[in-house]
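Raw contents of upload_1.cif, mmCIF, C-alpha atoms; chains and numbers go by the auth columns:
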data_protein
loop_
_atom_site.group_PDB
_atom_site.id
_atom_site.type_symbol
_atom_site.label_atom_id
_atom_site.label_comp_id
_atom_site.label_asym_id
_atom_site.label_seq_id
_atom_site.Cartn_x
_atom_site.Cartn_y
_atom_site.Cartn_z
_atom_site.B_iso_or_equiv
_atom_site.auth_seq_id
_atom_site.auth_asym_id
ATOM 1 C CA MET A 1 16.220 2.137 11.862 0.00 1 A
ATOM 2 C CA PRO A 2 14.068 2.098 8.707 0.00 2 A
ATOM 3 C CA GLU A 3 10.303 2.225 9.022 0.00 3 A
ATOM 4 C CA SER A 4 8.083 -0.534 7.658 0.00 4 A
ATOM 5 C CA LEU A 5 5.200 0.042 5.302 0.00 5 A
ATOM 6 C CA THR A 6 2.269 -2.317 5.948 0.00 6 A
ATOM 7 C CA LYS A 7 -1.115 -3.094 4.373 0.00 7 A
ATOM 8 C CA ALA A 8 -2.729 -0.841 6.988 0.00 8 A
ATOM 9 C CA ASP A 9 -0.534 2.086 5.882 0.00 9 A
ATOM 10 C CA LEU A 10 -1.414 1.473 2.240 0.00 10 A
ATOM 11 C CA ALA A 11 -5.147 1.321 3.010 0.00 11 A
ATOM 12 C CA GLU A 12 -4.843 4.518 5.061 0.00 12 A
ATOM 13 C CA ARG A 13 -3.351 6.327 2.084 0.00 13 A
ATOM 14 C CA LEU A 14 -6.068 5.157 -0.297 0.00 14 A
ATOM 15 C CA TYR A 15 -8.628 6.346 2.232 0.00 15 A
ATOM 16 C CA HIS A 16 -7.020 9.786 2.514 0.00 16 A
ATOM 17 C CA GLU A 17 -6.046 10.351 -1.083 0.00 17 A
ATOM 18 C CA LEU A 18 -8.802 8.685 -3.089 0.00 18 A
ATOM 19 C CA GLY A 19 -11.716 9.110 -0.742 0.00 19 A
ATOM 20 C CA PHE A 20 -12.402 5.376 -0.576 0.00 20 A
ATOM 21 C CA ASN A 21 -14.159 4.442 2.629 0.00 21 A
ATOM 22 C CA LYS A 22 -12.072 2.470 5.103 0.00 22 A
ATOM 23 C CA ARG A 23 -13.582 -0.892 4.216 0.00 23 A
ATOM 24 C CA GLU A 24 -13.160 -0.336 0.468 0.00 24 A
ATOM 25 C CA ALA A 25 -9.557 0.741 0.996 0.00 25 A
ATOM 26 C CA LYS A 26 -8.733 -2.281 3.152 0.00 26 A
ATOM 27 C CA GLU A 27 -10.427 -4.698 0.761 0.00 27 A
ATOM 28 C CA LEU A 28 -8.693 -3.251 -2.262 0.00 28 A
ATOM 29 C CA VAL A 29 -5.265 -3.601 -0.647 0.00 29 A
ATOM 30 C CA ASP A 30 -6.050 -7.191 0.388 0.00 30 A
ATOM 31 C CA THR A 31 -7.340 -8.060 -3.079 0.00 31 A
ATOM 32 C CA PHE A 32 -4.309 -6.486 -4.730 0.00 32 A
ATOM 33 C CA PHE A 33 -1.831 -8.732 -2.916 0.00 33 A
ATOM 34 C CA ASP A 34 -4.139 -11.769 -3.004 0.00 34 A
ATOM 35 C CA SER A 35 -4.522 -11.448 -6.785 0.00 35 A
ATOM 36 C CA ILE A 36 -0.771 -11.323 -7.363 0.00 36 A
ATOM 37 C CA ARG A 37 -0.322 -14.342 -5.133 0.00 37 A
ATOM 38 C CA ALA A 38 -3.162 -16.219 -6.860 0.00 38 A
ATOM 39 C CA ALA A 39 -1.593 -15.615 -10.273 0.00 39 A
ATOM 40 C CA LEU A 40 1.758 -16.940 -9.035 0.00 40 A
ATOM 41 C CA GLU A 41 0.046 -19.899 -7.414 0.00 41 A
ATOM 42 C CA ALA A 42 -1.582 -20.672 -10.779 0.00 42 A
ATOM 43 C CA GLY A 43 1.855 -20.657 -12.405 0.00 43 A
ATOM 44 C CA ASP A 44 1.721 -17.217 -14.016 0.00 44 A
ATOM 45 C CA SER A 45 4.419 -14.598 -13.541 0.00 45 A
ATOM 46 C CA VAL A 46 3.276 -11.037 -12.832 0.00 46 A
ATOM 47 C CA LYS A 47 4.806 -8.095 -14.661 0.00 47 A
ATOM 48 C CA LEU A 48 4.178 -4.675 -13.140 0.00 48 A
ATOM 49 C CA SER A 49 5.807 -2.086 -15.363 0.00 49 A
ATOM 50 C CA GLY A 50 7.646 0.641 -13.468 0.00 50 A
ATOM 51 C CA PHE A 51 7.849 -1.589 -10.395 0.00 51 A
ATOM 52 C CA GLY A 52 9.121 -5.038 -11.252 0.00 52 A
ATOM 53 C CA ASN A 53 8.386 -8.622 -12.219 0.00 53 A
ATOM 54 C CA PHE A 54 7.447 -11.512 -9.978 0.00 54 A
ATOM 55 C CA ASP A 55 8.792 -14.613 -11.675 0.00 55 A
ATOM 56 C CA LEU A 56 8.665 -18.316 -10.886 0.00 56 A
ATOM 57 C CA ARG A 57 11.678 -20.593 -10.882 0.00 57 A
ATOM 58 C CA ASP A 58 11.654 -24.357 -10.648 0.00 58 A
ATOM 59 C CA LYS A 59 14.560 -25.598 -8.557 0.00 59 A
ATOM 60 C CA LYS A 60 15.901 -29.135 -8.810 0.00 60 A
ATOM 61 C CA GLN A 61 16.517 -31.246 -5.761 0.00 61 A
ATOM 62 C CA ARG A 62 19.950 -30.521 -4.276 0.00 62 A
ATOM 63 C CA PRO A 63 21.982 -31.824 -1.379 0.00 63 A
ATOM 64 C CA GLY A 64 21.577 -29.922 1.854 0.00 64 A
ATOM 65 C CA ARG A 65 22.754 -30.187 5.399 0.00 65 A
ATOM 66 C CA ASN A 66 21.235 -29.594 8.790 0.00 66 A
ATOM 67 C CA PRO A 67 23.413 -26.724 10.006 0.00 67 A
ATOM 68 C CA LYS A 68 23.095 -27.846 13.637 0.00 68 A
ATOM 69 C CA THR A 69 23.812 -31.545 13.363 0.00 69 A
ATOM 70 C CA GLY A 70 25.756 -31.608 10.087 0.00 70 A
ATOM 71 C CA GLU A 71 23.452 -34.379 8.917 0.00 71 A
ATOM 72 C CA GLU A 72 22.920 -34.557 5.158 0.00 72 A
ATOM 73 C CA ILE A 73 19.295 -34.069 4.049 0.00 73 A
ATOM 74 C CA PRO A 74 18.325 -33.481 0.418 0.00 74 A
ATOM 75 C CA ILE A 75 16.501 -30.210 -0.287 0.00 75 A
ATOM 76 C CA SER A 76 13.551 -31.333 -2.399 0.00 76 A
ATOM 77 C CA ALA A 77 12.714 -29.912 -5.816 0.00 77 A
ATOM 78 C CA ARG A 78 10.544 -26.827 -5.425 0.00 78 A
ATOM 79 C CA ARG A 79 9.054 -23.819 -7.152 0.00 79 A
ATOM 80 C CA VAL A 80 10.079 -20.414 -5.812 0.00 80 A
ATOM 81 C CA VAL A 81 9.052 -16.798 -6.429 0.00 81 A
ATOM 82 C CA THR A 82 11.729 -14.300 -7.405 0.00 82 A
ATOM 83 C CA PHE A 83 11.365 -10.558 -7.841 0.00 83 A
ATOM 84 C CA LYS A 84 13.250 -8.630 -10.469 0.00 84 A
ATOM 85 C CA PRO A 85 12.958 -4.895 -9.855 0.00 85 A
ATOM 86 C CA GLY A 86 12.203 -2.814 -12.932 0.00 86 A
ATOM 87 C CA GLN A 87 14.509 -0.133 -14.309 0.00 87 A
ATOM 88 C CA LYS A 88 12.496 2.720 -12.806 0.00 88 A
ATOM 89 C CA LEU A 89 12.422 1.228 -9.302 0.00 89 A
ATOM 90 C CA ARG A 90 16.143 0.394 -9.434 0.00 90 A
ATOM 91 C CA GLU A 91 16.959 3.963 -10.407 0.00 91 A
ATOM 92 C CA ARG A 92 14.829 5.404 -7.619 0.00 92 A
ATOM 93 C CA VAL A 93 16.403 3.158 -5.007 0.00 93 A
ATOM 94 C CA GLU A 94 19.969 3.578 -6.240 0.00 94 A
ATOM 95 C CA ALA A 95 19.785 7.239 -5.345 0.00 95 A
ATOM 96 C CA TYR A 96 19.082 6.374 -1.706 0.00 96 A
ATOM 97 C CA ALA A 97 22.103 7.489 0.325 0.00 97 A
ATOM 98 C CA GLY A 98 20.952 5.569 3.361 0.00 98 A
ATOM 99 C CA ALA A 99 21.266 6.021 7.064 0.00 99 A
ATOM 100 C CA GLN A 100 25.077 5.916 6.956 0.00 100 A
ATOM 101 C CA SER A 101 25.303 9.521 5.704 0.00 101 A
ATOM 102 C CA MET B 1 2.201 -17.344 -18.987 0.00 1 B
ATOM 103 C CA ALA B 2 2.632 -13.845 -17.600 0.00 2 B
ATOM 104 C CA ILE B 3 0.042 -11.335 -16.533 0.00 3 B
ATOM 105 C CA THR B 4 0.542 -7.595 -16.799 0.00 4 B
ATOM 106 C CA LYS B 5 -0.562 -4.679 -14.682 0.00 5 B
ATOM 107 C CA SER B 6 -3.702 -4.091 -16.763 0.00 6 B
ATOM 108 C CA GLU B 7 -4.632 -7.782 -16.572 0.00 7 B
ATOM 109 C CA LEU B 8 -4.141 -7.664 -12.799 0.00 8 B
ATOM 110 C CA ILE B 9 -6.341 -4.557 -12.611 0.00 9 B
ATOM 111 C CA ASP B 10 -9.072 -6.358 -14.586 0.00 10 B
ATOM 112 C CA ARG B 11 -8.951 -9.346 -12.257 0.00 11 B
ATOM 113 C CA ILE B 12 -9.180 -7.151 -9.166 0.00 12 B
ATOM 114 C CA ALA B 13 -12.048 -5.141 -10.664 0.00 13 B
ATOM 115 C CA THR B 14 -13.969 -8.332 -11.465 0.00 14 B
ATOM 116 C CA SER B 15 -13.465 -9.861 -8.031 0.00 15 B
ATOM 117 C CA GLN B 16 -15.207 -7.021 -6.197 0.00 16 B
ATOM 118 C CA ASP B 17 -18.338 -4.962 -6.822 0.00 17 B
ATOM 119 C CA GLN B 18 -17.828 -1.799 -4.789 0.00 18 B
ATOM 120 C CA LEU B 19 -15.376 0.109 -6.944 0.00 19 B
ATOM 121 C CA SER B 20 -15.474 1.006 -10.620 0.00 20 B
ATOM 122 C CA PRO B 21 -12.727 -0.422 -12.870 0.00 21 B
ATOM 123 C CA LYS B 22 -11.373 3.107 -13.215 0.00 22 B
ATOM 124 C CA ASP B 23 -11.097 3.474 -9.420 0.00 23 B
ATOM 125 C CA VAL B 24 -9.355 0.107 -9.197 0.00 24 B
ATOM 126 C CA GLU B 25 -6.890 1.203 -11.865 0.00 25 B
ATOM 127 C CA ILE B 26 -6.084 4.461 -10.076 0.00 26 B
ATOM 128 C CA ALA B 27 -5.756 2.651 -6.754 0.00 27 B
ATOM 129 C CA VAL B 28 -3.406 -0.051 -8.071 0.00 28 B
ATOM 130 C CA LYS B 29 -1.178 2.546 -9.698 0.00 29 B
ATOM 131 C CA LEU B 30 -1.109 4.535 -6.448 0.00 30 B
ATOM 132 C CA LEU B 31 -0.258 1.439 -4.405 0.00 31 B
ATOM 133 C CA LEU B 32 2.730 0.699 -6.641 0.00 32 B
ATOM 134 C CA GLU B 33 3.758 4.349 -6.445 0.00 33 B
ATOM 135 C CA TYR B 34 3.617 4.299 -2.616 0.00 34 B
ATOM 136 C CA MET B 35 5.607 1.105 -2.498 0.00 35 B
ATOM 137 C CA GLY B 36 8.270 2.550 -4.805 0.00 36 B
ATOM 138 C CA GLN B 37 8.347 5.738 -2.764 0.00 37 B
ATOM 139 C CA SER B 38 8.867 3.854 0.490 0.00 38 B
ATOM 140 C CA LEU B 39 11.738 1.839 -0.920 0.00 39 B
ATOM 141 C CA ALA B 40 13.294 4.988 -2.381 0.00 40 B
ATOM 142 C CA LEU B 41 13.252 6.435 1.162 0.00 41 B
ATOM 143 C CA GLY B 42 14.967 3.343 2.514 0.00 42 B
ATOM 144 C CA ASP B 43 11.875 1.957 4.243 0.00 43 B
ATOM 145 C CA ARG B 44 10.935 -1.704 4.244 0.00 44 B
ATOM 146 C CA ILE B 45 7.581 -3.038 3.081 0.00 45 B
ATOM 147 C CA GLU B 46 6.068 -5.908 5.057 0.00 46 B
ATOM 148 C CA ILE B 47 2.975 -7.625 3.722 0.00 47 B
ATOM 149 C CA ARG B 48 1.880 -10.578 5.854 0.00 48 B
ATOM 150 C CA GLY B 49 1.223 -13.738 3.849 0.00 49 B
ATOM 151 C CA PHE B 50 2.859 -12.181 0.803 0.00 50 B
ATOM 152 C CA GLY B 51 6.419 -11.143 1.563 0.00 51 B
ATOM 153 C CA SER B 52 8.690 -8.250 2.391 0.00 52 B
ATOM 154 C CA PHE B 53 10.710 -5.796 0.357 0.00 53 B
ATOM 155 C CA ALA B 54 13.915 -4.288 1.680 0.00 54 B
ATOM 156 C CA LEU B 55 17.038 -2.673 0.325 0.00 55 B
ATOM 157 C CA HIS B 56 20.269 -4.619 -0.008 0.00 56 B
ATOM 158 C CA PHE B 57 23.584 -2.832 -0.293 0.00 57 B
ATOM 159 C CA ARG B 58 25.943 -3.696 -3.133 0.00 58 B
ATOM 160 C CA ASP B 59 29.595 -2.924 -2.403 0.00 59 B
ATOM 161 C CA PRO B 60 31.553 -0.646 -4.735 0.00 60 B
ATOM 162 C CA ARG B 61 33.352 -2.600 -7.442 0.00 61 B
ATOM 163 C CA ILE B 62 35.503 -2.166 -10.531 0.00 62 B
ATOM 164 C CA GLY B 63 33.363 -2.782 -13.573 0.00 63 B
ATOM 165 C CA ARG B 64 34.347 -2.988 -17.180 0.00 64 B
ATOM 166 C CA ASN B 65 32.873 -1.328 -20.220 0.00 65 B
ATOM 167 C CA PRO B 66 32.001 -4.366 -22.346 0.00 66 B
ATOM 168 C CA LYS B 67 32.620 -2.452 -25.577 0.00 67 B
ATOM 169 C CA THR B 68 35.980 -0.859 -24.855 0.00 68 B
ATOM 170 C CA GLY B 69 37.258 -3.172 -22.104 0.00 69 B
ATOM 171 C CA GLU B 70 38.015 -0.078 -20.050 0.00 70 B
ATOM 172 C CA SER B 71 37.785 -0.345 -16.244 0.00 71 B
ATOM 173 C CA VAL B 72 35.181 1.826 -14.533 0.00 72 B
ATOM 174 C CA GLU B 73 34.780 2.385 -10.813 0.00 73 B
ATOM 175 C CA LEU B 74 31.227 1.670 -9.752 0.00 74 B
ATOM 176 C CA GLY B 75 30.139 3.151 -6.434 0.00 75 B
ATOM 177 C CA GLY B 76 28.222 1.149 -3.849 0.00 76 B
ATOM 178 C CA LYS B 77 24.477 1.190 -4.303 0.00 77 B
ATOM 179 C CA TYR B 78 21.213 -0.065 -2.887 0.00 78 B
ATOM 180 C CA VAL B 79 19.034 -2.541 -4.751 0.00 79 B
ATOM 181 C CA PRO B 80 15.458 -3.603 -3.940 0.00 80 B
ATOM 182 C CA HIS B 81 15.097 -7.161 -2.678 0.00 81 B
ATOM 183 C CA PHE B 82 11.937 -9.247 -2.193 0.00 82 B
ATOM 184 C CA LYS B 83 11.662 -12.102 0.276 0.00 83 B
ATOM 185 C CA PRO B 84 8.519 -14.197 -0.192 0.00 84 B
ATOM 186 C CA GLY B 85 6.577 -14.823 3.028 0.00 85 B
ATOM 187 C CA LYS B 86 5.858 -18.305 4.336 0.00 86 B
ATOM 188 C CA GLU B 87 2.323 -18.475 2.967 0.00 87 B
ATOM 189 C CA MET B 88 3.515 -17.337 -0.470 0.00 88 B
ATOM 190 C CA ARG B 89 6.313 -19.935 -0.484 0.00 89 B
ATOM 191 C CA ASP B 90 4.021 -22.730 0.642 0.00 90 B
ATOM 192 C CA ARG B 91 1.212 -21.935 -1.771 0.00 91 B
ATOM 193 C CA VAL B 92 3.390 -21.542 -4.854 0.00 92 B
ATOM 194 C CA ASN B 93 5.301 -24.713 -4.073 0.00 93 B
ATOM 195 C CA HIS B 94 2.236 -26.680 -2.992 0.00 94 B
ATOM 196 C CA ALA B 95 0.431 -25.862 -6.242 0.00 95 B
ATOM 197 C CA VAL B 96 3.236 -27.552 -8.203 0.00 96 B
ATOM 198 C CA LYS B 97 3.274 -30.629 -6.006 0.00 97 B
ATOM 199 C CA GLN B 98 -0.473 -31.117 -6.408 0.00 98 B
ATOM 200 C CA LYS B 99 -0.272 -30.781 -10.167 0.00 99 B
ATOM 201 C CA LYS B 100 2.445 -33.443 -10.316 0.00 100 B
ATOM 202 C CA ARG B 101 0.442 -35.807 -8.144 0.00 101 B
ATOM 203 C CA ARG B 102 -2.556 -35.536 -10.440 0.00 102 B
ATOM 204 C CA ARG B 103 -0.600 -36.615 -13.511 0.00 103 B
#

What's the structure tokens form of this structure?
Amino acid sequence: MPESLTKADLAERLYHELGFNKREAKELVDTFFDSIRAALEAGDSVKLSGFGNFDLRDKKQRPGRNPKTGEEIPISARRVVTFKPGQKLRERVEAYAGAQS
Amino acid sequence: MAITKSELIDRIATSQDQLSPKDVEIAVKLLLEYMGQSLALGDRIEIRGFGSFALHFRDPRIGRNPKTGESVELGGKYVPHFKPGKEMRDRVNHAVKQKKRRR
């Protein structure tokens, strides 16, 4: 079962490796994710070289269905966030043999 | 419009007054490095209110060299995948709806 990395883990590493105090580390991690989200909320995509791009896509309304009742309900037009991993991240991940080995 | 890593670093540096811009830059680069490292090890990343990153497996397939037309066997591989969290989905979508209403 893979482990999960959380904001607390990231803050812990900044604390250990950069000597930030715990509050600084926690606030920086919060601000990092909040700032990306704020940019997307404002309609800007976010390009993080070496990691990937967070892009926005505007979806048109399309027909949908309630999977339980089979009733047809339109899925309204919406804006969604997509992530396109960068070349470097894709290469790093591709090498992962996984738990099946 | 798109913002880049250095623009993001500037915004973070401006929005707080404890760390120097240089420290913010080092920290942001380290965060991205840790996140990449975790995914490369097959771990998930779960950021509440933001979203989660996980690996998806792509089955092996027969590809084609677009230049020569030759078939090539491509092995299965893992690719990073991001799933926006509920708050991210709501905020990004809500922002659009509000803008439309104002027009």

Enumerate, as a PyMOL selection string, the residues matched when the PyMOL selection byres ((chain A and resi 50-57) around 7) is run on the file above.
(chain A and resi 45-49+58-59+79-89) or (chain B and resi 32+36)

Could you tell me which residues of chain B sit within 6 Å of chain A when counting all atoms listed in the file, and give me the result as a count of residues only?
16

Interatomic distance between CA of Asp17 (chain B) and CA of Tyr15 (chain A)?
17.4 Å

Can you list what the PyMOL selection byres ((chain A and resi 73-76) around 8) grabs from this structure, as a ChimeraX atom specification?
/A:60-66,71-72,77-78

In Å and to one decimal, CA of Gln37 (chain B) is distant from CA of Glu7 (chain B) by 23.3 Å

How would you write, as a VMD selection string, the residues chosen by the PyMOL selection byres ((chain B and resi 74) around 7) on this structure?
chain B and resid 60 to 63 72 to 73 75 to 76

Here CA of Asn65 (chain B) and CA of Val79 (chain B) stand apart by 20.8 Å
